[in-house]
Each structure stands twice: as C-alpha cells, then as structure tokens.
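Enquirer: Mind looking over this structure? Questions follow.
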Amino acid sequence: MTGDTSLIAARRDRVLAAMAEREIDVLVLGRQDDANYASGMHRLWTAGTRPFGAGCLVVRETGRTHVLSGWDTGLPPTMTWDDLFPSTWNPRVMAANLAAIPGLTDAKRIGTDEVSPSFRRAAGRLAPDADVVPADDLMAAVRRHKLPAEIDRIRAACAVVWHGVVAAATAGNSPDEPPLTNDQRIGAAVLAMGRLGATIPSSAPIVRQDGADTFIDLGMIVDGYEGGLGALASLRAPIPGNEAPEPPQRLIDSCRPGATGADLAAASEHPGWLVRGVGMGFERPVIDATHGHAETLDADMVVSVRDGNRREIVHITDNGPALLSGRPEEAS
Amino acid sequence: MLTVVTATTDLTLPSPDLARMRGDRLARLQAELVAQDLDGAVLIHGPHVTYATGHIPDAADASHASFRRAVAIVPAEGSPRLHVHGDPGTVVGEVAPALWPELDEDAGALRETILDMIGDPAGKRLAVDSITGAMVRADVLAGADLTDASRVLGPVRLAKTDDEIACIEASQWQAERAMASARDACVPGATRAEVAGAFLAALWAQGAEHNEIDPIFQVMPRTRAGGPRTFNDDVAFPTGIAEAAFETGDLVWVDAGHGYEGYASDYGRTWIVGREPNDAELSCFDRWLTIMDATCAAIRPGATLGDVSQAAIAANGGTRPWLPHFYVGHGVGLESAEMPMAGSDLGEEFDDSFVLAPGMIIVVEPIVWDDGIASYRAEEIVTVTADGHRVLTSAPGYAPFTT
C-alpha cells in the first residue's frame with residue numbers, strides 16, 4: 001500500500017472529480033503509476049513498458065476503484081475485497097471479470113491512459129455504447145499539483161537517493177584498495193539503498209567519469225514516489241554535505257509560478273537540459289530545448305531539473321523553488 | 001535427471017553471435033509481416049523494439065520507459081528506423097533522433113516518420129502495440145487497419161535461435177552467480193530489500209545492468225489458511241510486498257531475473273532462513289524433484305503442452321502441482337513470462353493442441369505444497385532440442401532449501 005488512507009482517498013477523489021468534469025464514466029488504467037495513484041494499490045514492479053491492459057478501473061457512478069489482483073495483500077483501507085478482480089491468461093475470462101464490474105457495461109465514455117487494437121475491440125463488446133477516449137491527459141492534469149503528503153514522500157525518496165549517491169561516491173576509496181569500476185560503484189549504491197528498504201529504480205543509475213571527477217545520477221521509487229539526484233563527486237574528497245558542488249542554480253531559480261518553458265530555455269546553461277514533472281515516477285510537463293516552451297509552471301508542481309552535470313528535485317512554491325533533493329541531515 | 005549437489009561447477013559464459021541474432025530476428029519479423037499481409041509495424045513496447053532493431057531500453061520504471069520510449073518503424077521489406085533516447089547500442093537499421101510519443105507536440109513527427117517509412121497509413125494494414133493518447137488525438141494512424149503487434153511478434157518469438165538461447169543461458173548464469181550473495185545475506189534479521197540489494201549489487205559487479213523485476217524473497221505461510229485471502233483459495237504469490245525481517249525457520253520463495261542482451265533469466269528456489277531443513281521438509285523437496293524430472297522428460301519435439309502438464313500431474317499422484325493462477329511451465333525470452341504456457345487457464349484444449357518444436361523454451365516451475373509442513377518451489381529453464389530437451393539452469397545444482 002502506498003501512503004495513508006487520507007492521501008489515497010484524496011487522490012482517488014481528484015480522479016473522480018476530473019472524470020465528472022470530462023463526463024468520463026469509467027477510467028481503464030494500464031500504467032502502474034496511474035493505477036497506484038487512483039487506487040493506492042501497487043503490484044510487483046517490473047522494468048520497462050508493459051503492454052496495455054486493464055490494471056485498474058475507476059467507476060464514476062459508484063466512486064469505486066477496482067484493481068487486478070488475485071489476493072488481498074496490500075489492499076488499502078479505501079477498497080474492499082469486492083473491488084478486486086483476479087488475473088488470468090484467458091481473454092474470455094478477463095472479459096467476464098471486467099463485465100462483472102458495476103458500471104462498465106453501460107458506460108457511455110471510457111477513458112484510457114493508453115490503448116491497443118485488441119482493447120478497443122474488447123471494449124466494443126463489453127460496453128457497446130461507449131466511446132473509448134484518451135485520458136492520459138486527464139491523469140496528467142490530476143497529478144500535476146502535489147498534495148502536501150506527496151511532497152513529503154518525494155522528499156523522503158530523495159533522502160534515500162542521497163544515501164545511494166554518497167555510497168557510490170565513497171565506496172572503496174581507501175588508498176590501499178584497487179579502484180572500483182563505475183558498475184561496482186552503482187552496486188555500492190544499490191546495496192546502501194536496499195538497506196534503507198528501496199529496491200525500485202525510477203531511472204537507470206548513472207556513474208561515469210567526468211574529467212577527474214565522477215558524475216553520479218540516481219533515481220528511486222520509494223513508497224510509490226520518485227526521488228532523485230545528479231551530482232558531481234570528487235572521489236578524493238567525497239561529497240561533503242551542504243558544501244556539495246553548486247546545483248544548476250540559474251535553471252532552478254527560474255522554476256517559479258508563472259515561468260514558461262521559454263523562460264526556462266533562456267535560463268538553461270548546458271545542452272541536454274531537461275525540466276520534467278516528478279511524482280509517482282516520470283510525469284508531465286516535459287520541457288527541454290525543443291519541447292514544452294508554451295508550458296507555464298505553477299505552485300505545487302514538483303520537477304526534476306537537469307542542467308549540465310547536476311540534477312535536483314524542485315518543489316515550486318508560491319515563494320519560488322524549494323529543493324527536495326536530500327541532504328545528509330535530512331536523510332538520517 | 002537433475003542432480004542434488006553442493007559444489008559449484010566451473011562454467012563459462014556462453015557467447016552468442018549478436019550480429020547474427022539481430023539479423024535473424026528482423027528477417028523473421030519481416031517474413032511474418034509479409035505472411036500476414038501487413039504493410040509494416042509501428043512498435044513502441046520495449047521488447048518489440050528490441051526484437052526488431054536490437055536496441056535494449058534502460059531497465060527503468062514504466063513511467064520513465066513510457067515517456068522515453070524508443071520507436072521502431074518496420075516496413076514489411078527494407079531497413080527499419082529506430083528513434084531512440086540516448087545511446088542506441090548496436091542496432092540494425094537507421095538511427096534517428098528521439099521521439100516522445102506521449103507528447104502531443106511530437107505526434108506530427110511520429111506521423112512524418114511513418115509516412116516516410118511505410119507510407120500513408122490510410123488503407124494500409126499495420127501492426128501496432130500501444131497507442132498513446134497523443135497518437136489518438138492527432139490521429140497519427142488515420143485510416144489504417146490495425147492489428148496487435150503481439151499477433152505478429154508472438155509467433156516469431158516462440159522458437160528461439162541458438163543465439164537467443166545462448167543469451168538466456170548467459171543471463172541465467174549471471175543471475176545464479178549473483179544469487180550466492182543474496183543467499184549469504186538472507187539471514188535472521190535481514191529484510192527482503194536488503195537481500196534484494198545484495199543480489200542487485202552482485203549483478204552490477206558483474207556488469208549486468210538490466211534488472212527486470214523487483215527481486216522476490218517472499219516468506220510463505222506453512223498452511224494455505226495462514227496466507228492472504230485469494231480468489232482461488234490457493235496460495236498468494238508473488239505479492240510484491242514484504243516488510244518484516246526474516247526469522248529463523250522462515251520458508252522463502254525466491255524469484256528473480258534480469259536481462260542479458262534483453263533476454264530474461266528466471267531464478268526460482270526455496271530457502272529456509274537460519275537453519276538446516278528437517279526430514280519432513282526434505283521429503284517435500286524429494287517429491288518436488290521427482291515431479292520436476294518427470295515434467296522435463298515430457299519436453300521434446302512433437303509433444304504437446306498437455307503432455308507436459310499431464311506428466312507433472314501424474315508424477316504428483318493425480319493432482320496439479322502448480323498454482324491455479326499460473327502454470328507448470330512458461331516461456332521466457334525478451335519477456336520474463338511469455339508463450340508457451342503449460343497448464344494455464346487457457347485450458348486443456350489449448351494445451352493439447354499446442355505442439356512443441358525445437359528452440360522453444362519452457363521454464364518448468366512445479367510446486368509441492370504439503371499443508372502444515374512445508375512447500376518447495378524452484379524453476380528450471382528447459383529448451384526443446386532436435387531430439388529431446390536440454391536444461392539451461394542448475395549450474396550449481398541443488399542443496400535443498402539452501403542454494
């Protein structure tokens with residue numbers, strides 16, 4: 001289960017409100033992050049894209065979330081046993097399981113966060129009167145502004161990542177040991193973060209040489225939320241807490257309510273810069289040299305800000321940007 | 001026959017011919033496109049892109065993998081085009097700049113590349129896997145007759161080439177080596193995440209960068225009634241949730257796998273924490289070994305999946321030695337569970353009509369559940385050969401409940 005009851009209920013209610021606004025009767029969510037957001041129930045993590053399938057349904061009429069699970073492990077207090085439907089390899093069994101979900105068969109509009117040709121055909125049989133419409137933008141809009149409890153979780157995930165970065169920077173630095181490979185440094189980070197209970201990477205970990213220094217970039221999903229940090233570490237003098245190398249300050253300073261993507265482009269200092277949403281993983285907006293210049297930032301968004309060899313997680317507040325990326329005293 | 005041994009065998013990593021493998025895969029895919037009278041494929045699901053081009057996406061969370069998708073445009077004839085974020089690796093076909101199929105801003109560029117490679121989708125028959133909201137809003141595939149790409153890639157991925165099998169073997173070899181570290185870490189007081197961290201760190205130390213699943217070290221109840229509520233009144237596995245520290249005597253089902261050149265391993269064993277197995281537990285393993293041997297013996301060209309399931313049932317005294325929501329065996333390849341599946345809820349008719357052929361892979365994973373005593377679950381990767389089968393796993397053999 002991700003988060004406490006009130007957080008899960010608040011997220012679900014936001015989804016239901018957006019469905020009402022757009023007159024979507026049923027949401028069929030295939031993306032695990034969307035399913036987790038709406039239901040609070042997560043499933044075994046696997047890397048990479050998954051083929052689209054009905055992992056979670058949200059029904060406007062009943063206000064219920066339904067999740068694909070064969071057991072009640074991790075069932076949040078906002079759901080009951082009757083809200084689950086079991087996994088199957090058999091499309092006919094799956095169709096019958098879905099048809100039993102109250103509110104699906106007479107839906108007029110079904111929103112999906114992705115779709116496949118076979119799902120369109122299946123939906124045509126299951127809910128003959130329904131239009132199947134994209135709802136990825138609905139989920140992105142709902143997830144755009146973070147609740148205070150979500151900010152706390154992102155900060156906590158960043159703290160775990162900080163420990164990983166320190167482990168990668170400091171592992172095997174004793175002068176009488178042979179130097180570690182970059183992959184071995186990642187291994188040290190993975191081990192350290194495992195001890196803190198975190199084993200799910202958000203992005204692929206990076207450790208690479210940058211002149212005499214080492215660039216380390218880690219991202220992890222902890223309790224459903226993403227934390228991250230990219231830092232340049234001198235292995236001769238490991239990251240010394242708040243004296244860490246300067247963050248990409250110009251770009252971070254620009255992350256304030258009202259700033260446009262074009263403003264960020266003007267503030268960026270290195271090719272390959274990227275500002276993108278952070279929450280239950282990678283989120284919109286995506287703003288880089290060629291995308292998102294018409295976007296406008298506003299308060300309570302959280303973004304990952306990468307420029308050059310630094311990456312920080314930034315909470316946009318009414319007073320401007322606030323770093324969530326961990327520091328040792330916060331990560332203890 | 002599988003053996004029970006304790007000494008590790010000195011094995012070397014198999015070495016597939018990767019260039020040949022990439023060429024073979026594209027040729028098979030395009031031959032199937034032609035055979036199904038399709039004009040091309042638009043692929044954005046990671047394993048499909050890998051099969052078509054050789055590019056292996058990062059082992060990242062699905063949210064990252066979806067936004068930073070690689071896109072493969074594959075005409076029925078001629079070279080494919082790969083749009084990729086970051087390093088493409090060694091690939092077949094033309095490498096083009098990254099596209100973001102999630103973003104409305106890039107829908108036009110996606111349509112342009114399809115027009116360029118396959119032509120106007122209107123009136124064409126195309127295989128696609130996923131369709132993003134941006135692709136729907138911009139009607140990128142307007143007028144095309146769409147079929148699921150899995151209907152094309154499924155059949156061609158069924159029987160593996162020798163190079164693909166060598167990749168699976170290498171993947172398993174790395175996973176088995178890394179599991180030694182996890183076993184050492186799996187002691188009373190350790191948590192699931194600590195043990196998983198030890199496994200993942202050992203993979204990285206071997207240069208294995210593509211973990212594909214959050215490693216499972218699930219403490220199993222000794223009775224069915226002692227476990228979570230399930231739809232089939234059977235055992236819940238894998239739940240993906242484990243918070244408590246291990247205690248002496250815990251029975252742990254282990255299941256993990258990473259990718260080597262994109263090909264999954266599948267390590268499944270059962271461990272007991274902090275003590276040696278007792279005689280009752282060992283007899284559970286003995287039964288399991290009998291079932292595993294009988295099931296593997298049924299795997300040969302011309303046999304059906306039904307034959308494999310029936311061999312397992314017969315060796316278990318007439319009842320199914322597997323969890324009803326799974327199977328007694330499943331394929332493995334660019335995904336950790338793929339066809340063929342034996343004993344799934346696709347049903348006996350499906351199993352009896354599915355004939356095994358050389359190059360197919362079955363991960364055999366029977367379970368012995370002796371309610372109130374113990375359970376044993378482990379997995380062996382078996383490939384169908386020209387005249388029988390070959391076991392790709394069990395490099396170190398079995399020390400029951402220990403390795």
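Residues are referred to by chain and number: the chain letter is A, B, ... according to the order shown in the structure tokens, the number counts from 1 in that chain, and ligands are numbered separately from 1 in the order shown.
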Taking only C-alpha atoms into account, find every residue of chain A that has an atom no more than 7 Å from chain B, and write it out as a VMD selection string.
Expert: chain A and resid 33 43 to 52 70 to 73 86 88 to 90 113 to 118 134 to 136 183 to 184 186 to 188 190 to 191 194 to 195 197 to 204 281 to 282
Enquirer: Put those residues in a file: N, CA and C atoms, as a short mmCIF file (atom, residue, chain, number, x, y, z; two decimals), in the first residue's frame.
Expert:
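Final output, out.cif:
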data_model
loop_
_atom_site.label_atom_id
_atom_site.label_comp_id
_atom_site.auth_asym_id
_atom_site.auth_seq_id
_atom_site.Cartn_x
_atom_site.Cartn_y
_atom_site.Cartn_z
N ASP A 33 1.74 3.50 -12.59
CA ASP A 33 1.75 4.72 -11.77
C ASP A 33 0.37 5.34 -11.71
N ARG A 43 1.51 -3.14 -7.51
CA ARG A 43 1.78 -4.54 -7.81
C ARG A 43 3.29 -4.73 -7.97
N LEU A 44 3.66 -5.97 -8.12
CA LEU A 44 5.06 -6.31 -8.30
C LEU A 44 5.67 -5.45 -9.41
N TRP A 45 6.82 -4.85 -9.10
CA TRP A 45 7.45 -3.95 -10.07
C TRP A 45 8.21 -4.76 -11.12
N THR A 46 8.01 -4.39 -12.35
CA THR A 46 8.88 -4.90 -13.41
C THR A 46 9.37 -3.70 -14.22
N ALA A 47 10.54 -3.85 -14.81
CA ALA A 47 11.15 -2.75 -15.55
C ALA A 47 10.48 -2.59 -16.92
N GLY A 48 10.51 -1.37 -17.41
CA GLY A 48 10.17 -1.13 -18.81
C GLY A 48 8.68 -1.02 -19.08
N THR A 49 8.37 -0.81 -20.35
CA THR A 49 6.97 -0.65 -20.75
C THR A 49 6.24 -1.98 -20.58
N ARG A 50 4.94 -1.88 -20.37
CA ARG A 50 4.10 -3.07 -20.35
C ARG A 50 3.06 -2.93 -21.44
N PRO A 51 2.66 -4.03 -22.04
CA PRO A 51 1.54 -3.94 -22.98
C PRO A 51 0.31 -3.40 -22.24
N PHE A 52 -0.52 -2.64 -22.95
CA PHE A 52 -1.69 -2.08 -22.28
C PHE A 52 -2.65 -3.18 -21.85
N GLY A 70 -5.07 -11.04 -7.49
CA GLY A 70 -5.65 -12.32 -7.09
C GLY A 70 -5.74 -12.48 -5.58
N TRP A 71 -5.25 -11.47 -4.82
CA TRP A 71 -5.22 -11.61 -3.35
C TRP A 71 -5.37 -10.24 -2.70
N ASP A 72 -5.56 -10.27 -1.37
CA ASP A 72 -5.84 -9.00 -0.69
C ASP A 72 -4.59 -8.39 -0.05
N THR A 73 -3.43 -8.95 -0.32
CA THR A 73 -2.21 -8.34 0.20
C THR A 73 -2.07 -6.92 -0.35
N PRO A 86 -9.48 -10.89 -10.39
CA PRO A 86 -8.26 -11.69 -10.46
C PRO A 86 -7.59 -11.68 -11.83
N THR A 88 -5.73 -13.34 -15.09
CA THR A 88 -5.99 -14.53 -15.90
C THR A 88 -5.18 -14.42 -17.18
N TRP A 89 -4.89 -15.56 -17.80
CA TRP A 89 -4.23 -15.57 -19.11
C TRP A 89 -5.26 -15.63 -20.22
N ASN A 90 -6.51 -15.84 -19.84
CA ASN A 90 -7.56 -16.15 -20.80
C ASN A 90 -8.40 -14.90 -21.09
N ASP A 113 -5.53 5.38 -20.38
CA ASP A 113 -4.26 6.12 -20.37
C ASP A 113 -3.33 5.68 -21.50
N GLU A 114 -3.77 4.72 -22.27
CA GLU A 114 -3.05 4.19 -23.42
C GLU A 114 -4.06 3.22 -24.02
N VAL A 115 -3.83 2.71 -25.20
CA VAL A 115 -4.81 1.77 -25.73
C VAL A 115 -4.13 0.84 -26.74
N SER A 116 -4.77 -0.26 -27.03
CA SER A 116 -4.25 -1.20 -28.04
C SER A 116 -5.42 -1.59 -28.95
N PRO A 117 -5.13 -2.08 -30.14
CA PRO A 117 -6.23 -2.51 -31.01
C PRO A 117 -7.13 -3.55 -30.35
N SER A 118 -6.53 -4.50 -29.61
CA SER A 118 -7.37 -5.55 -29.02
C SER A 118 -8.24 -5.00 -27.90
N PRO A 134 -8.98 9.02 -25.13
CA PRO A 134 -7.73 9.13 -24.35
C PRO A 134 -7.98 9.85 -23.02
N ALA A 135 -7.36 9.35 -21.97
CA ALA A 135 -7.45 10.01 -20.65
C ALA A 135 -6.07 10.13 -20.02
N ASP A 136 -5.03 9.98 -20.83
CA ASP A 136 -3.68 10.21 -20.30
C ASP A 136 -3.55 11.67 -19.84
N ASP A 183 30.41 0.43 -12.53
CA ASP A 183 29.33 -0.51 -12.20
C ASP A 183 29.42 -0.96 -10.73
N GLN A 184 30.65 -1.14 -10.24
CA GLN A 184 30.78 -1.52 -8.83
C GLN A 184 30.31 -0.39 -7.91
N ILE A 186 27.90 1.67 -8.67
CA ILE A 186 26.43 1.56 -8.69
C ILE A 186 25.99 0.44 -7.74
N GLY A 187 26.73 -0.67 -7.77
CA GLY A 187 26.42 -1.77 -6.86
C GLY A 187 26.46 -1.33 -5.41
N ALA A 188 27.42 -0.49 -5.07
CA ALA A 188 27.51 0.01 -3.69
C ALA A 188 26.30 0.86 -3.35
N VAL A 190 23.31 0.60 -4.76
CA VAL A 190 22.16 -0.30 -4.71
C VAL A 190 22.10 -1.02 -3.37
N LEU A 191 23.26 -1.45 -2.90
CA LEU A 191 23.32 -2.13 -1.61
C LEU A 191 22.89 -1.19 -0.48
N GLY A 194 19.18 -0.54 -0.66
CA GLY A 194 18.46 -1.74 -0.22
C GLY A 194 18.37 -1.80 1.29
N ARG A 195 19.43 -1.42 1.96
CA ARG A 195 19.41 -1.42 3.43
C ARG A 195 18.38 -0.43 3.95
N GLY A 197 15.55 -0.06 2.46
CA GLY A 197 14.25 -0.58 2.05
C GLY A 197 13.87 -0.26 0.62
N ALA A 198 14.78 0.32 -0.15
CA ALA A 198 14.43 0.77 -1.50
C ALA A 198 15.14 -0.08 -2.55
N THR A 199 14.38 -0.71 -3.44
CA THR A 199 14.98 -1.56 -4.47
C THR A 199 14.43 -1.27 -5.87
N ILE A 200 13.61 -0.23 -6.01
CA ILE A 200 12.99 0.05 -7.30
C ILE A 200 13.59 1.30 -7.92
N PRO A 201 14.35 1.14 -9.01
CA PRO A 201 14.91 2.33 -9.66
C PRO A 201 13.83 3.03 -10.48
N SER A 202 13.88 4.37 -10.51
CA SER A 202 12.99 5.07 -11.44
C SER A 202 13.70 5.19 -12.78
N SER A 203 14.88 5.75 -12.78
CA SER A 203 15.69 5.83 -14.00
C SER A 203 16.88 4.89 -13.84
N ALA A 204 17.52 4.58 -14.96
CA ALA A 204 18.71 3.73 -14.87
C ALA A 204 19.82 4.50 -14.17
N GLY A 281 6.74 8.78 -10.30
CA GLY A 281 7.55 8.49 -11.47
C GLY A 281 7.66 9.71 -12.36
N PHE A 282 7.97 9.44 -13.64
CA PHE A 282 8.16 10.48 -14.66
C PHE A 282 6.79 11.04 -15.01
#
Enquirer: Please compute the CA of Ile8 (chain A)-CA of Ala245 (chain B) distance, one decimal, in Å.
Expert: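 Spanning CA of Ile8 (chain A) to CA of Ala245 (chain B) is a straight-line distance of 26.3 Å.
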Enquirer: I'd like to know which residues of region 91-266 of chain B are helix (DSSP H, G or I) (by DSSP, run on the backbone); could you write them as a VMD selection string?
Expert: chain B and resid 104 to 117 133 to 137 150 to 158 162 to 185 192 to 205 224 to 226
Enquirer: How far is it from CA of Ala314 (chain B) to CA of Thr385 (chain B), in Å with one decimal?
Expert: 23.6 Å
Enquirer: Between A:Glu312, A:Asp300, A:Asp82, A:Asp318, which has the minimum distance to Asp217 (chain A) (counting only C-alpha atoms)?
Expert: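 Checking each candidate against Asp217 (chain A), we get A:Glu312 as the closest.
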Enquirer: For Ile216 (chain A), work out the shell of residues within 8 Å, counting only C-alpha atoms and skipping chain neighbours fewer than 4 positions away, then give it as a list in words.
Expert: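 Everything that qualifies: Val165, Ala168, Ala169, Pro205, Ile206, Val207, Arg208, Gly230, Ala231, Leu232 and Ala233 of chain A.
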Enquirer: For the residues in that selection, give me C-alpha atoms as a PDB file, in the first residue's frame.
Expert:
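Written output follows (selection-v3.pdb):
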ATOM      1  CA  VAL A 165      24.877   8.829  -4.091  1.00  0.00           C
ATOM      2  CA  ALA A 168      28.571   5.390  -4.811  1.00  0.00           C
ATOM      3  CA  ALA A 169      30.974   8.282  -4.221  1.00  0.00           C
ATOM      4  CA  PRO A 205      21.546   4.616 -12.472  1.00  0.00           C
ATOM      5  CA  ILE A 206      24.480   6.516 -13.929  1.00  0.00           C
ATOM      6  CA  VAL A 207      28.071   6.629 -12.686  1.00  0.00           C
ATOM      7  CA  ARG A 208      30.585   7.951 -15.199  1.00  0.00           C
ATOM      8  CA  GLY A 230      22.518  14.013 -10.004  1.00  0.00           C
ATOM      9  CA  ALA A 231      25.826  15.146  -8.572  1.00  0.00           C
ATOM     10  CA  LEU A 232      29.442  15.530  -9.457  1.00  0.00           C
ATOM     11  CA  ALA A 233      31.598  13.897  -6.813  1.00  0.00           C
TER      12      ALA A 233
END
Enquirer: Ranking B:Val95, B:Val152, B:Met220, B:Ala159 by minimum distance to Gln30 (chain B) and counting only C-alpha atoms, which one comes first?
Expert: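 Closest residue, counting only C-alpha atoms: B:Val152.
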Enquirer: Applying 9 Å and only C-alpha atoms, which residues near Arg12 (chain A) remain after dropping the ones on its own chain fewer than 2 positions away? List them as a list in words.
Expert: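 Within the cut-off, the hits are Leu7, Ile8, Ala9, Ala10, Arg14, Val15, Leu16, Ala17, Tyr37, Ala38, Ser39, Gly40, Val58, Gly63, Arg64 and Thr65 of chain A.
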Enquirer: Residues of the last selection are to be written out with N, CA and C atoms, as a PDB file, in the first residue's frame.
Expert:
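Final output, saved to part39.pdb:
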ATOM      1  N   LEU A   7      -4.459  10.184   2.100  1.00  0.00           N
ATOM      2  CA  LEU A   7      -3.777  10.520   0.842  1.00  0.00           C
ATOM      3  C   LEU A   7      -4.383   9.741  -0.322  1.00  0.00           C
ATOM      4  N   ILE A   8      -4.590   8.451  -0.115  1.00  0.00           N
ATOM      5  CA  ILE A   8      -5.164   7.626  -1.191  1.00  0.00           C
ATOM      6  C   ILE A   8      -6.559   8.128  -1.545  1.00  0.00           C
ATOM      7  N   ALA A   9      -7.348   8.417  -0.524  1.00  0.00           N
ATOM      8  CA  ALA A   9      -8.714   8.895  -0.780  1.00  0.00           C
ATOM      9  C   ALA A   9      -8.683  10.241  -1.502  1.00  0.00           C
ATOM     10  N   ALA A  10      -7.741  11.104  -1.117  1.00  0.00           N
ATOM     11  CA  ALA A  10      -7.660  12.426  -1.756  1.00  0.00           C
ATOM     12  C   ALA A  10      -7.303  12.284  -3.227  1.00  0.00           C
ATOM     13  N   ARG A  14      -9.717  13.225  -6.457  1.00  0.00           N
ATOM     14  CA  ARG A  14      -9.295  14.115  -7.542  1.00  0.00           C
ATOM     15  C   ARG A  14      -9.573  13.477  -8.898  1.00  0.00           C
ATOM     16  N   VAL A  15      -9.294  12.175  -8.986  1.00  0.00           N
ATOM     17  CA  VAL A  15      -9.542  11.470 -10.248  1.00  0.00           C
ATOM     18  C   VAL A  15     -11.039  11.476 -10.559  1.00  0.00           C
ATOM     19  N   LEU A  16     -11.857  11.183  -9.546  1.00  0.00           N
ATOM     20  CA  LEU A  16     -13.313  11.149  -9.760  1.00  0.00           C
ATOM     21  C   LEU A  16     -13.837  12.525 -10.170  1.00  0.00           C
ATOM     22  N   ALA A  17     -13.299  13.585  -9.561  1.00  0.00           N
ATOM     23  CA  ALA A  17     -13.750  14.937  -9.902  1.00  0.00           C
ATOM     24  C   ALA A  17     -13.401  15.258 -11.359  1.00  0.00           C
ATOM     25  N   TYR A  37      -1.817   5.691  -8.347  1.00  0.00           N
ATOM     26  CA  TYR A  37      -2.342   6.999  -7.955  1.00  0.00           C
ATOM     27  C   TYR A  37      -3.822   6.894  -7.607  1.00  0.00           C
ATOM     28  N   ALA A  38      -4.581   6.234  -8.477  1.00  0.00           N
ATOM     29  CA  ALA A  38      -6.036   6.199  -8.304  1.00  0.00           C
ATOM     30  C   ALA A  38      -6.469   5.268  -7.180  1.00  0.00           C
ATOM     31  N   SER A  39      -5.731   4.170  -6.991  1.00  0.00           N
ATOM     32  CA  SER A  39      -6.216   3.128  -6.069  1.00  0.00           C
ATOM     33  C   SER A  39      -5.405   2.987  -4.799  1.00  0.00           C
ATOM     34  N   GLY A  40      -4.135   3.373  -4.826  1.00  0.00           N
ATOM     35  CA  GLY A  40      -3.261   3.154  -3.670  1.00  0.00           C
ATOM     36  C   GLY A  40      -2.732   1.739  -3.566  1.00  0.00           C
ATOM     37  N   VAL A  58     -11.660   2.833 -12.625  1.00  0.00           N
ATOM     38  CA  VAL A  58     -12.308   3.791 -11.736  1.00  0.00           C
ATOM     39  C   VAL A  58     -13.688   4.061 -12.319  1.00  0.00           C
ATOM     40  N   GLY A  63     -18.073   5.503  -7.588  1.00  0.00           N
ATOM     41  CA  GLY A  63     -16.946   6.067  -6.847  1.00  0.00           C
ATOM     42  C   GLY A  63     -15.925   5.017  -6.428  1.00  0.00           C
ATOM     43  N   ARG A  64     -16.027   3.827  -7.025  1.00  0.00           N
ATOM     44  CA  ARG A  64     -15.139   2.725  -6.608  1.00  0.00           C
ATOM     45  C   ARG A  64     -13.931   2.595  -7.535  1.00  0.00           C
ATOM     46  N   THR A  65     -12.836   2.137  -6.972  1.00  0.00           N
ATOM     47  CA  THR A  65     -11.679   1.735  -7.764  1.00  0.00           C
ATOM     48  C   THR A  65     -11.587   0.208  -7.721  1.00  0.00           C
TER      49      THR A  65
END
Enquirer: Report as a PyMOL selection string all protein, DNA and RNA residues lying within 10 Å of Pro340 (chain B), evaluated on only C-alpha atoms, omitting residues in the same chain fewer than 3 positions from it.
Expert: chain B and resi 154+158-159+305+329-332+337+343-344+351+354-356+360-363
Enquirer: With C-alpha atoms kept, could you save the residues just selected as an mmCIF file, in the first residue's frame?
Expert:
data_model
loop_
_atom_site.group_PDB
_atom_site.id
_atom_site.type_symbol
_atom_site.label_atom_id
_atom_site.label_comp_id
_atom_site.auth_asym_id
_atom_site.auth_seq_id
_atom_site.Cartn_x
_atom_site.Cartn_y
_atom_site.Cartn_z
ATOM 1 C CA GLY B 154 4.194 -13.695 -30.701
ATOM 2 C CA LEU B 158 8.091 -18.680 -29.926
ATOM 3 C CA ALA B 159 11.050 -20.732 -31.140
ATOM 4 C CA LEU B 305 1.789 -28.694 -23.671
ATOM 5 C CA GLY B 329 5.730 -24.007 -17.153
ATOM 6 C CA HIS B 330 6.061 -20.849 -19.197
ATOM 7 C CA GLY B 331 8.256 -19.496 -21.949
ATOM 8 C CA VAL B 332 10.986 -16.946 -21.419
ATOM 9 C CA ALA B 337 6.884 -14.863 -18.940
ATOM 10 C CA GLY B 343 -1.337 -25.697 -17.516
ATOM 11 C CA SER B 344 -2.624 -22.116 -17.596
ATOM 12 C CA ASP B 351 -2.599 -27.179 -24.193
ATOM 13 C CA PHE B 354 -0.048 -26.735 -28.889
ATOM 14 C CA VAL B 355 2.862 -28.806 -30.229
ATOM 15 C CA LEU B 356 6.411 -28.191 -29.021
ATOM 16 C CA MET B 360 11.029 -23.336 -27.707
ATOM 17 C CA ILE B 361 11.745 -22.709 -24.054
ATOM 18 C CA ILE B 362 9.774 -23.812 -21.037
ATOM 19 C CA VAL B 363 10.608 -22.644 -17.551
#
Enquirer: Which residues are close to His55 (chain B), i.e. within 6 Å by only C-alpha atoms, leaving aside same-chain residues fewer than 5 positions away? Reply as JSON, numbers by chain.
Expert: {"B": [50, 88, 91]}
Enquirer: Got time to write the residues from that selection, C-alpha atoms, as a compact mmCIF listing (two decimals), in the first residue's frame?
Expert:
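Writing the result to result_0.txt gives the following:
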# COMPACT_ATOMS: atom_id res chain seq x y z
CA THR B 50 14.48 -4.93 -29.17
CA PRO B 88 21.10 3.21 -29.23
CA VAL B 91 21.35 -1.97 -33.87
Enquirer: Taking the DSSP assignment computed from this structure's backbone, write out as a list of chain:residue names all residues of region 24-168 of chain B that belong to strand (DSSP E).
Expert: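 Filtering region 24-168 of chain B down to strand (DSSP E) leaves B:Gly40, B:Ala41, B:Val42, B:Leu43, B:Val71, B:Ala72, B:Ile73, B:Val74, B:Pro75, B:Arg81, B:Leu82, B:His83, B:Glu94, B:Val95, B:Ala96, B:Arg125, B:Leu126, B:Ala127, B:Val128, B:Asp145, B:Leu146, B:Thr147, B:Asp148.
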